[in-house]
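Participant: Dropping in target-v4.tsv, which is TSV, C-alpha atoms and all ligand atoms:
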chain	number	residue	atom	x	y	z
A	1	MET	CA	0.00	0.00	0.00
A	2	GLU	CA	1.24	3.45	-0.85
A	3	LEU	CA	0.52	6.30	1.56
A	4	VAL	CA	0.14	9.74	0.00
A	5	LYS	CA	0.16	12.49	2.63
A	6	VAL	CA	-1.76	15.67	1.91
A	7	SER	CA	-2.05	18.82	3.96
A	8	ASN	CA	-5.65	19.71	3.25
A	9	TYR	CA	-8.95	18.63	1.73
A	10	GLU	CA	-8.33	20.44	-1.54
A	11	GLU	CA	-5.05	18.63	-2.08
A	12	MET	CA	-6.71	15.29	-1.26
A	13	SER	CA	-9.48	15.95	-3.78
A	14	LYS	CA	-7.01	16.95	-6.49
A	15	LYS	CA	-4.80	13.90	-5.93
A	16	ALA	CA	-7.73	11.48	-5.92
A	17	SER	CA	-9.26	12.99	-9.07
A	18	ASP	CA	-5.85	12.83	-10.79
A	19	ILE	CA	-5.68	9.09	-10.16
A	20	LEU	CA	-9.24	8.50	-11.41
A	21	PHE	CA	-8.68	10.70	-14.43
A	22	ASP	CA	-5.44	8.90	-15.33
A	23	VAL	CA	-7.26	5.57	-15.31
A	24	ILE	CA	-10.01	7.07	-17.48
A	25	LYS	CA	-7.43	8.35	-19.97
A	26	GLU	CA	-5.47	5.09	-20.07
A	27	ASN	CA	-8.43	2.79	-20.76
A	28	GLU	CA	-10.51	2.65	-23.88
A	29	LYS	CA	-13.58	1.68	-21.86
A	30	PRO	CA	-12.83	2.72	-18.27
A	31	VAL	CA	-14.86	1.26	-15.43
A	32	ILE	CA	-14.75	3.24	-12.21
A	33	GLY	CA	-16.09	2.32	-8.80
A	34	LEU	CA	-17.50	5.23	-6.81
A	35	ALA	CA	-18.24	6.00	-3.17
A	36	THR	CA	-20.54	8.45	-1.41
A	37	GLY	CA	-20.13	10.27	1.93
A	38	SER	CA	-18.56	13.61	2.81
A	39	THR	CA	-15.00	12.71	1.89
A	40	PRO	CA	-15.23	12.22	-1.90
A	41	GLU	CA	-17.36	15.31	-2.64
A	42	GLY	CA	-14.32	17.41	-3.53
A	43	THR	CA	-12.95	14.61	-5.68
A	44	TYR	CA	-16.14	14.66	-7.76
A	45	GLN	CA	-15.92	18.45	-8.16
A	46	GLU	CA	-12.37	18.12	-9.46
A	47	LEU	CA	-13.18	15.17	-11.69
A	48	ILE	CA	-16.12	17.03	-13.25
A	49	LYS	CA	-13.77	19.89	-14.21
A	50	LYS	CA	-11.20	17.50	-15.65
A	51	LEU	CA	-13.72	15.47	-17.65
A	52	ASN	CA	-15.55	18.45	-19.07
A	53	SER	CA	-12.42	20.31	-20.11
A	54	SER	CA	-10.96	17.26	-21.87
A	55	ASP	CA	-11.77	15.58	-25.16
A	56	ILE	CA	-12.46	12.26	-23.41
A	57	ASP	CA	-15.52	10.51	-24.87
A	58	GLN	CA	-17.63	10.08	-21.72
A	59	ASN	CA	-19.84	7.59	-23.58
A	60	ASN	CA	-17.12	5.03	-22.91
A	61	ILE	CA	-17.13	5.44	-19.12
A	62	THR	CA	-18.97	2.96	-16.91
A	63	THR	CA	-19.52	3.40	-13.16
A	64	PHE	CA	-20.49	1.20	-10.23
A	65	ASN	CA	-21.42	2.58	-6.82
A	66	LEU	CA	-20.55	0.79	-3.63
A	67	ASP	CA	-23.78	0.84	-1.72
A	68	GLU	CA	-27.33	2.09	-1.10
A	69	TYR	CA	-29.76	2.23	1.81
A	70	VAL	CA	-32.51	-0.37	1.70
A	71	GLY	CA	-35.96	1.21	1.50
A	72	LEU	CA	-34.98	4.59	0.07
A	73	ASP	CA	-36.23	5.49	-3.37
A	74	LYS	CA	-33.61	6.79	-5.81
A	75	ASN	CA	-35.21	10.25	-5.58
A	76	HIS	CA	-35.06	10.35	-1.78
A	77	GLU	CA	-32.67	13.16	-0.83
A	78	GLN	CA	-30.64	10.91	1.45
A	79	SER	CA	-30.36	8.04	-1.00
A	80	TYR	CA	-26.90	7.46	-2.40
A	81	SER	CA	-28.39	7.54	-5.86
A	82	TYR	CA	-29.64	11.11	-5.26
A	83	TYR	CA	-26.21	12.07	-3.88
A	84	MET	CA	-24.44	10.71	-6.94
A	85	TYR	CA	-26.64	12.62	-9.38
A	86	GLU	CA	-26.38	15.84	-7.36
A	87	LYS	CA	-22.63	15.66	-6.83
A	88	PHE	CA	-21.47	14.06	-10.05
A	89	PHE	CA	-23.68	12.49	-12.71
A	90	ASN	CA	-25.79	15.61	-13.38
A	91	HIS	CA	-22.61	17.50	-14.23
A	92	VAL	CA	-21.02	15.07	-16.67
A	93	SER	CA	-22.30	13.22	-19.72
A	94	ILE	CA	-21.83	9.57	-18.77
A	95	PRO	CA	-24.77	7.70	-20.37
A	96	GLN	CA	-27.55	6.54	-18.04
A	97	GLU	CA	-27.14	2.93	-19.11
A	98	ASN	CA	-23.50	2.96	-18.02
A	99	ILE	CA	-24.33	4.09	-14.47
A	100	HIS	CA	-24.78	1.22	-12.00
A	101	LEU	CA	-26.45	1.96	-8.69
A	102	LEU	CA	-28.04	-0.52	-6.33
A	103	ASN	CA	-31.81	-0.04	-6.17
A	104	GLY	CA	-32.84	0.56	-2.54
A	105	LYS	CA	-36.43	-0.24	-3.45
A	106	ALA	CA	-35.66	-3.49	-5.26
A	107	GLU	CA	-38.57	-5.90	-4.80
A	108	PHE	CA	-36.33	-8.96	-4.75
A	109	ALA	CA	-33.16	-8.29	-2.78
A	110	ASP	CA	-31.54	-11.58	-3.80
A	111	THR	CA	-31.99	-10.90	-7.49
A	112	GLU	CA	-30.72	-7.34	-7.06
A	113	VAL	CA	-27.46	-8.30	-5.36
A	114	LYS	CA	-26.80	-11.25	-7.68
A	115	ALA	CA	-27.34	-9.21	-10.83
A	116	TYR	CA	-25.13	-6.42	-9.46
A	117	GLU	CA	-22.22	-8.74	-8.74
A	118	GLU	CA	-22.58	-10.34	-12.18
A	119	ALA	CA	-22.47	-6.91	-13.81
A	120	ILE	CA	-19.29	-6.08	-11.85
A	121	ASP	CA	-17.72	-9.34	-12.98
A	122	GLU	CA	-18.65	-8.72	-16.56
A	123	ALA	CA	-17.37	-5.13	-16.63
A	124	GLY	CA	-14.30	-5.48	-14.38
A	125	ILE	CA	-13.63	-2.37	-12.27
A	126	ASP	CA	-10.40	-0.58	-13.23
A	127	VAL	CA	-10.25	1.69	-10.20
A	128	GLN	CA	-12.35	1.73	-7.04
A	129	LEU	CA	-12.67	4.87	-4.91
A	130	LEU	CA	-13.27	4.27	-1.18
A	131	GLY	CA	-13.85	6.17	2.02
A	132	ILE	CA	-13.58	4.58	5.47
A	133	GLY	CA	-15.75	4.53	8.59
A	134	ARG	CA	-14.36	5.16	12.09
A	135	ASN	CA	-14.76	1.45	12.77
A	136	GLY	CA	-12.84	0.54	9.61
A	137	HIS	CA	-15.89	-0.18	7.49
A	138	ILE	CA	-15.51	0.15	3.73
A	139	ALA	CA	-18.69	0.47	1.70
A	140	PHE	CA	-21.23	-0.85	4.26
A	141	ASN	CA	-19.08	-3.82	5.23
A	142	GLU	CA	-19.07	-3.61	8.99
A	143	PRO	CA	-16.62	-5.34	11.36
A	144	GLY	CA	-17.10	-9.11	11.21
A	145	THR	CA	-17.93	-9.17	7.48
A	146	SER	CA	-16.34	-12.10	5.68
A	147	PHE	CA	-13.50	-11.31	3.30
A	148	ASP	CA	-15.31	-13.61	0.85
A	149	SER	CA	-18.44	-11.45	0.81
A	150	VAL	CA	-19.85	-10.30	-2.53
A	151	THR	CA	-22.72	-7.83	-3.02
A	152	HIS	CA	-25.18	-8.44	-0.17
A	153	ILE	CA	-27.65	-6.90	2.27
A	154	VAL	CA	-26.43	-5.80	5.71
A	155	ASP	CA	-27.69	-4.62	9.09
A	156	LEU	CA	-25.96	-1.34	9.90
A	157	THR	CA	-24.24	-1.00	13.28
A	158	PRO	CA	-25.48	1.59	15.80
A	159	GLU	CA	-22.17	3.47	15.29
A	160	THR	CA	-22.70	3.78	11.53
A	161	ILE	CA	-26.37	4.71	11.96
A	162	GLU	CA	-25.30	7.44	14.38
A	163	ASP	CA	-22.53	8.72	12.09
A	164	ASN	CA	-24.93	8.88	9.15
A	165	SER	CA	-27.73	10.49	11.15
A	166	ARG	CA	-26.14	13.90	10.49
A	167	PHE	CA	-27.69	13.77	7.04
A	168	PHE	CA	-31.21	12.95	8.30
A	169	ASP	CA	-33.67	15.04	10.36
A	170	GLU	CA	-33.60	12.51	13.18
A	171	LEU	CA	-31.83	9.30	14.17
A	172	GLY	CA	-35.02	7.25	13.74
A	173	GLU	CA	-35.14	8.10	10.03
A	174	VAL	CA	-31.80	6.48	9.22
A	175	PRO	CA	-32.44	3.14	7.49
A	176	SER	CA	-31.14	0.15	9.43
A	177	LYS	CA	-30.24	-1.95	6.39
A	178	ALA	CA	-28.24	-1.39	3.23
A	179	PHE	CA	-27.16	-3.05	0.03
A	180	THR	CA	-23.40	-3.11	-0.33
A	181	MET	CA	-20.69	-4.49	-2.53
A	182	GLY	CA	-18.81	-7.06	-0.46
A	183	LEU	CA	-15.15	-7.08	0.49
A	184	LYS	CA	-14.43	-9.61	-2.25
A	185	SER	CA	-16.26	-7.45	-4.81
A	186	ILE	CA	-14.08	-4.47	-3.82
A	187	MET	CA	-10.87	-6.52	-3.94
A	188	LYS	CA	-11.63	-7.51	-7.55
A	189	ALA	CA	-10.84	-3.94	-8.71
A	190	ASP	CA	-7.48	-3.57	-10.46
A	191	LYS	CA	-6.62	-0.51	-8.42
A	192	ILE	CA	-8.00	0.97	-5.19
A	193	VAL	CA	-7.84	4.53	-3.85
A	194	ILE	CA	-8.95	5.11	-0.27
A	195	LEU	CA	-9.50	8.59	1.17
A	196	ILE	CA	-8.91	9.05	4.89
A	197	TYR	CA	-9.65	12.55	6.10
A	198	GLY	CA	-9.81	14.18	9.50
A	199	GLU	CA	-8.84	13.47	13.09
A	200	ASN	CA	-11.83	11.19	13.70
A	201	LYS	CA	-10.38	8.72	11.15
A	202	LYS	CA	-6.97	8.60	12.88
A	203	GLU	CA	-7.58	5.25	14.57
A	204	ALA	CA	-8.97	3.72	11.39
A	205	LEU	CA	-5.83	4.78	9.50
A	206	GLU	CA	-3.55	3.50	12.25
A	207	ALA	CA	-5.31	0.12	12.23
A	208	LEU	CA	-5.04	-0.11	8.44
A	209	LEU	CA	-1.34	0.76	8.46
A	210	SER	CA	-0.59	-1.66	11.32
A	211	GLY	CA	-0.67	-4.44	8.75
A	212	GLU	CA	-2.86	-6.64	10.95
A	213	VAL	CA	-5.39	-8.36	8.70
A	214	THR	CA	-8.55	-9.26	10.60
A	215	VAL	CA	-12.29	-9.39	9.95
A	216	ASP	CA	-12.69	-7.10	12.96
A	217	ASN	CA	-11.29	-4.36	10.73
A	218	PRO	CA	-12.88	-4.66	7.26
A	219	ALA	CA	-10.46	-2.18	5.66
A	220	SER	CA	-7.54	-4.38	6.70
A	221	VAL	CA	-8.36	-6.69	3.77
A	222	LEU	CA	-6.76	-4.01	1.57
A	223	ASN	CA	-3.38	-5.17	2.86
A	224	ASN	CA	-3.92	-8.20	0.59
A	225	HIS	CA	-4.40	-6.10	-2.57
A	226	LYS	CA	-1.54	-5.40	-4.96
A	227	ASP	CA	-2.37	-1.77	-5.82
A	228	VAL	CA	-3.79	0.41	-3.07
A	229	THR	CA	-3.18	4.14	-2.66
A	230	ILE	CA	-4.16	5.65	0.67
A	231	ILE	CA	-4.60	9.42	0.54
A	232	ALA	CA	-4.63	10.80	4.09
A	233	ASP	CA	-4.43	14.29	5.52
A	234	ASN	CA	-2.20	15.48	8.38
A	235	ALA	CA	-5.01	15.26	10.93
A	236	ALA	CA	-5.75	11.61	10.10
A	237	ILE	CA	-2.04	10.85	10.14
A	238	GLY	CA	-1.73	12.61	13.49
A	239	GLU	CA	0.90	15.12	12.46
B	1	LIG	C1	-20.18	5.33	1.15
B	1	LIG	C2	-19.38	4.33	1.84
B	1	LIG	C3	-18.96	4.50	3.25
B	1	LIG	C4	-18.21	5.80	3.49
B	1	LIG	C5	-17.75	5.92	4.95
B	1	LIG	C6	-17.08	7.26	5.22
B	1	LIG	O1	-20.48	4.92	-0.18
B	1	LIG	O2	-19.09	3.36	1.25
B	1	LIG	O3	-18.15	3.42	3.62
B	1	LIG	O4	-17.10	5.87	2.64
B	1	LIG	O5	-18.85	5.76	5.79
B	1	LIG	O6	-18.00	8.30	5.06
B	1	LIG	P1	-17.57	9.82	5.16
B	1	LIG	O7	-16.74	10.11	3.95
B	1	LIG	O8	-18.87	10.59	5.13
B	1	LIG	O9	-16.81	9.98	6.43
For this file, produce the structure as structure tokens.
Facilitator:
Amino acid sequence: MELVKVSNYEEMSKKASDILFDVIKENEKPVIGLATGSTPEGTYQELIKKLNSSDIDQNNITTFNLDEYVGLDKNHEQSYSYYMYEKFFNHVSIPQENIHLLNGKAEFADTEVKAYEEAIDEAGIDVQLLGIGRNGHIAFNEPGTSFDSVTHIVDLTPETIEDNSRFFDELGEVPSKAFTMGLKSIMKADKIVILIYGENKKEALEALLSGEVTVDNPASVLNNHKDVTIIADNAAIGE
């Protein structure tokens, strides 16, 4: 794993978007894995600028998102689908049919997760963008998740529900279940970029860098991947 130290959020966003943009330029039909949350917002702003000021044919880009709350419609303001359109897709010209998002309202959860994993396998993700939870979760894979997990449905931990409640009017409105790509699905990507920002992620970064690989720390599986770039700011590093 390579650790890239940055001094602020802007630098993190620029570095992350550079990596994604390089992969997009290098591949004829680039497939990028995307994350939601506070951390990658700046990355999307930078990537929008890069894509729209280049002569890249965006028709060739395919995306897969990591996760979605169960029960939220794609137009619900707190759904990850809504976030992705607001922060990214509405500002670029990637074709609808190339955008893969889990459907929080899917009638048959089993069919939804199976089809999603098959689509990932068929496309092959070139680069996967990740954030990290305080407890080391990546996507919605909470501590204890098997390293062999593929796209599945999960019960969110009280800690994650509380962290995410800042986006909802009240705690009780936060869904308790989510669809998520599994740890194995994430590890299939050729390249992984993980953003770790702020003092409250210090312990998660420390645990990742310790090299200890354990299901108690989902992000630790990344130690087994051949091409991971961690972009972390001074506060997360503890400097
Ligand atoms: C979101 C996701 C989550 C977040 C994590 C950190 O798609 O997969 O694992 O990356 O919860 O969220 P922020 O960036 O809001 O701290």
Participant: Sorted by chain and rising residue number, which residues of chain A lie within 9 Å of ligand LIG 1 (chain B), and what are their closest atom pairs and distances in Å to one decimal, counting only C-alpha atoms and all ligand atoms, as a tab-separated table?
Facilitator:
residue	atom	partner	partner_atom	distance
A:Leu34	CA	B:LIG1	O1	7.3
A:Ala35	CA	B:LIG1	O1	3.9
A:Thr36	CA	B:LIG1	O1	3.7
A:Gly37	CA	B:LIG1	O8	3.5
A:Ser38	CA	B:LIG1	O8	3.8
A:Thr39	CA	B:LIG1	O7	3.7
A:Pro40	CA	B:LIG1	O7	6.4
A:Glu41	CA	B:LIG1	O7	8.4
A:Asn65	CA	B:LIG1	O1	7.1
A:Leu66	CA	B:LIG1	O1	5.4
A:Asp67	CA	B:LIG1	O1	5.5
A:Glu68	CA	B:LIG1	O1	7.5
A:Tyr80	CA	B:LIG1	O1	7.3
A:Leu129	CA	B:LIG1	O4	8.8
A:Leu130	CA	B:LIG1	O4	5.6
A:Gly131	CA	B:LIG1	O4	3.3
A:Ile132	CA	B:LIG1	C5	4.4
A:Gly133	CA	B:LIG1	O5	4.4
A:Arg134	CA	B:LIG1	C6	7.7
A:Gly136	CA	B:LIG1	O3	8.5
A:His137	CA	B:LIG1	O3	5.7
A:Ile138	CA	B:LIG1	O3	4.2
A:Ala139	CA	B:LIG1	O2	3.0
A:Phe140	CA	B:LIG1	O3	5.3
A:Asn141	CA	B:LIG1	O3	7.5
A:Glu142	CA	B:LIG1	O3	8.9
A:Thr160	CA	B:LIG1	O5	7.2
A:Asp163	CA	B:LIG1	O5	7.9
A:Asn164	CA	B:LIG1	O8	7.5
A:Thr180	CA	B:LIG1	O2	7.9
A:Met181	CA	B:LIG1	O2	8.9
A:Ile194	CA	B:LIG1	O4	8.7
A:Leu195	CA	B:LIG1	O7	7.9
A:Ile196	CA	B:LIG1	O7	8.0
A:Tyr197	CA	B:LIG1	O9	7.6
A:Gly198	CA	B:LIG1	O9	8.7
A:Asn200	CA	B:LIG1	O9	8.9
A:Lys201	CA	B:LIG1	O9	8.1
Participant: Please identify all polymer residues within 8 Å of range 42-45 of chain A, counting all atoms listed in the file, omitting same-chain residues fewer than 6 positions from it, and present them as a PyMOL selection string.
Facilitator: chain A and resi 9-10+12-14+16-17+87-88
Participant: Hey, can you spit out that residue selection with C-alpha atoms as a PDB file, in the coordinates of the input?
Facilitator:
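Here's the written file result12.pdb:
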ATOM      1  CA  TYR A   9      -8.950  18.630   1.730  1.00  0.00           C
ATOM      2  CA  GLU A  10      -8.330  20.440  -1.540  1.00  0.00           C
ATOM      3  CA  MET A  12      -6.710  15.290  -1.260  1.00  0.00           C
ATOM      4  CA  SER A  13      -9.480  15.950  -3.780  1.00  0.00           C
ATOM      5  CA  LYS A  14      -7.010  16.950  -6.490  1.00  0.00           C
ATOM      6  CA  ALA A  16      -7.730  11.480  -5.920  1.00  0.00           C
ATOM      7  CA  SER A  17      -9.260  12.990  -9.070  1.00  0.00           C
ATOM      8  CA  LYS A  87     -22.630  15.660  -6.830  1.00  0.00           C
ATOM      9  CA  PHE A  88     -21.470  14.060 -10.050  1.00  0.00           C
TER      10      PHE A  88
END
Participant: Report the closest atom pair, with its distance in Å rounded to one decimal, for each residue of range 123-233 of chain A that has an atom no farther than 12 Å from range 76-79 of chain A; count all atoms listed in the file, sort by chain and then rising residue number, and write it as a tab-separated table.
Facilitator:
residue	atom	partner	partner_atom	distance
A:Asn164	CA	A:Gln78	CA	9.8
A:Ser165	CA	A:Gln78	CA	10.1
A:Arg166	CA	A:Gln78	CA	10.5
A:Phe167	CA	A:Gln78	CA	6.9
A:Phe168	CA	A:Gln78	CA	7.2
A:Asp169	CA	A:Gln78	CA	10.3
A:Glu173	CA	A:Gln78	CA	10.1
A:Val174	CA	A:Gln78	CA	9.0
A:Pro175	CA	A:Gln78	CA	10.0
A:Ala178	CA	A:Ser79	CA	10.6
A:Phe179	CA	A:Ser79	CA	11.6
Participant: Just how far from CA of Ser185 in chain A is CA of Asp57 in chain A, in Å to one decimal?
Facilitator: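 About the pair CA of Asp57 in chain A and CA of Ser185 in chain A: they are 26.9 Å apart.
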Participant: Pick the closest to Pro218 in chain A from A:Glu2, A:Asp22, A:Asp148, A:Glu97: which is it, counting all atoms listed in the file?
Facilitator: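 Using all atoms listed in the file, Pro218 in chain A sits closest to A:Asp148.
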Participant: Using all atoms listed in the file for the distances, tell me which of A:Ile237, A:Ile231, A:Leu51, A:Ala204 is nearest to Glu11 in chain A.
Facilitator: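 Smallest separation from Glu11 in chain A among the options: A:Ile231.
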Participant: Between CA of Asp233 in chain A and CA of Gly33 in chain A, what is the distance, to one decimal in Å?
Facilitator: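 If I compute the distance from CA of Asp233 in chain A to CA of Gly33 in chain A, I get 22.0 Å.
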Participant: Can you tell me how far CA of Ile153 in chain A sits from CA of Met187 in chain A, in Å to one decimal?
Facilitator: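 Distance between the two atoms: 17.9 Å.
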Participant: Could you put an axis-aligned box around every listed atom of range 5-24 of chain A, padded by 8 Å on each side, and send me its centre and edge lengths in Å to one decimal, as JSON?
Facilitator:
{"center_x": -4.9, "center_y": 13.0, "center_z": -6.8, "size_x": 26.2, "size_y": 30.9, "size_z": 37.4}
Participant: Set the distance at 7 Å and use all atoms listed in the file: which residues neighbour range 103-111 of chain A once local chain neighbours fewer than 5 positions away are removed? I'd like the list as JSON, numbers by chain.
Facilitator: {"A": [68, 69, 70, 71, 72, 73]}
